[in-house]
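Comments concern the structure below.
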Amino acid sequence: GENVEQHPSTLSVQEGDSAVIKCTYSDSASNYFPWYKQELGKGPQLIIDIRSNVGEKKDQRIAVTLNKTAKHFSLHITETQPEDSAVYFCAAGLDNYGQNFVFGPGTRLSVLP
Amino acid sequence: SQTIHQWPATLVQPVGSPLSLECTVEGTSNPNLYWYRQAAGRGLQLLFYSVGIGQISSEVPQNLSASRPQDRQFILSSKKLLLSDSGFYLCAWTSYPEAFFGQGTRLTVV
């Protein structure tokens with residue numbers, strides 16, 4: 001089955017700096033890679049996703065890159081703000097109805113003012 | 001619009017007591033439903049998922065069970081809680097291909 005690793009487990013950056021979180025996956029059949037943000041005491045929410053036919057996707061300050069050959073994908077947050085502080089989860093799975101995702105262990109991002 | 005409700009938000013239960021967490025989804029029919037557990041500082045572990053009424057798949061052998069008595073209702077249960085059952089439990093449903101999570105239940109077994 002799929003196995004997703006995520007690094008680092010914790011990340012502290014100064015406000016305005018960039019943050020990068022990296023994930024690797026094991027199942028070459030996976031073709032859908034979402035990223036979720038979990039704020040304290042809440043459930044995770046989707047912030048961006050990428051499919052295997054795309055190498056990069058951007059949404060304002062957030063971007064995700066995918067290297068299918070190496071089986072790794074990354075989340076990039078630029079111009080970080082205090083409200084970006086949260087736990088971020090990557091996931092990998094099949095982009096089909098009824099899919100089950102496998103989540104990474106999460107990265108706790110702290111943006112210091 | 002679709003919404004997901006999960007309750008209670010927090011729960012403190014003694015070891016050996018039963019457990020029942022409920023999750024309901026509104027605004028959609030025949031959703032895929034999921035129960036995840038998040039241990040302190042850990043990732044999301046898939047416990048059960050259901051693709052229809054009465055259809056439950058277990059991902060990890062547990063002291064827990066799940067049931068889906070109605071199309072949009074998913075229940076997580078235990079007959080006798082263990083200390084190791086403490087954690088943050090999340091219900092989710094998927095709308096191709098995004099997963100939507102409930103607010104979670106923080107369970108502390110004492």
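Residue numbering restarts at 1 in every chain; chains get A, B, ... in the order shown in the structure tokens, and ligands count up from 1 in that same order.
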Mind running chain A against chain B at 10 Å and telling me each contacting residue's nearest atom pair with the distance in Å (one decimal), counting only C-alpha atoms, chain and number ascending, as CSV?
```
residue,atom,partner,partner_atom,distance
A:Gln6,CA,B:Gly43,CA,9.8
A:Ser9,CA,B:Gly41,CA,9.1
A:Tyr32,CA,B:Pro97,CA,8.5
A:Pro34,CA,B:Glu98,CA,8.0
A:Tyr36,CA,B:Ala99,CA,9.3
A:Gln38,CA,B:Phe101,CA,10.0
A:Gly41,CA,B:Gln103,CA,7.4
A:Lys42,CA,B:Gln103,CA,4.9
A:Gly43,CA,B:Gln103,CA,4.7
A:Pro44,CA,B:Phe101,CA,6.1
A:Gln45,CA,B:Phe100,CA,6.7
A:Leu46,CA,B:Glu98,CA,7.2
A:Ile48,CA,B:Glu98,CA,9.9
A:Asp49,CA,B:Glu98,CA,8.9
A:Val87,CA,B:Gly41,CA,9.5
A:Tyr88,CA,B:Gly43,CA,9.7
A:Phe89,CA,B:Gly43,CA,7.7
A:Cys90,CA,B:Gly43,CA,9.8
A:Ala91,CA,B:Leu44,CA,9.9
A:Gly93,CA,B:Pro97,CA,9.8
A:Leu94,CA,B:Pro97,CA,8.9
A:Asp95,CA,B:Pro97,CA,6.2
A:Asn96,CA,B:Pro97,CA,6.8
A:Tyr97,CA,B:Tyr96,CA,5.8
A:Gly98,CA,B:Asn32,CA,6.4
A:Gln99,CA,B:Pro97,CA,7.6
A:Asn100,CA,B:Tyr49,CA,8.4
A:Phe101,CA,B:Leu46,CA,8.7
A:Val102,CA,B:Leu46,CA,7.9
A:Phe103,CA,B:Leu44,CA,6.1
A:Gly104,CA,B:Gly43,CA,6.2
A:Pro105,CA,B:Gly43,CA,3.7
A:Gly106,CA,B:Gly43,CA,5.4
A:Thr107,CA,B:Gly43,CA,9.0
A:Arg108,CA,B:Gly41,CA,8.8
```
12 Å contact set for Lys71 in chain A, only C-alpha atoms, chain neighbours under 4 positions out, as a ChimeraX atom specification = /A:2-5,22-33,52,55,65-67,92
Please indicate the distance in Å from CA of Ile75 in chain B to CA of Ile53 in chain B, rounded to one decimal place.
-> 11.6 Å
Please run DSSP on the backbone and report, as a PyMOL selection string, all residues within chain B that come out as strand (DSSP E).
-> chain B and resi 3-7+10-13+19-26+32-38+44-52+55-58+65-70+73-78+87-95+98-101+105-109
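CA of Ser58 in chain B to CA of Leu107 in chain B spans 20.0 Å [interatomic distance, one decimal].
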From the list A:Ser110, A:Thr80, A:Ser74, A:Ser85, which residue is nearest Ile21 in chain A when using only C-alpha atoms?
->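 Ranking A:Ser110, A:Thr80, A:Ser74, A:Ser85 by distance to Ile21 in chain A, first place goes to A:Ser74.
Our summary of the geometry notes that CA of Leu19 in chain B is positioned 5.0 Å from CA of Ser77 in chain B.
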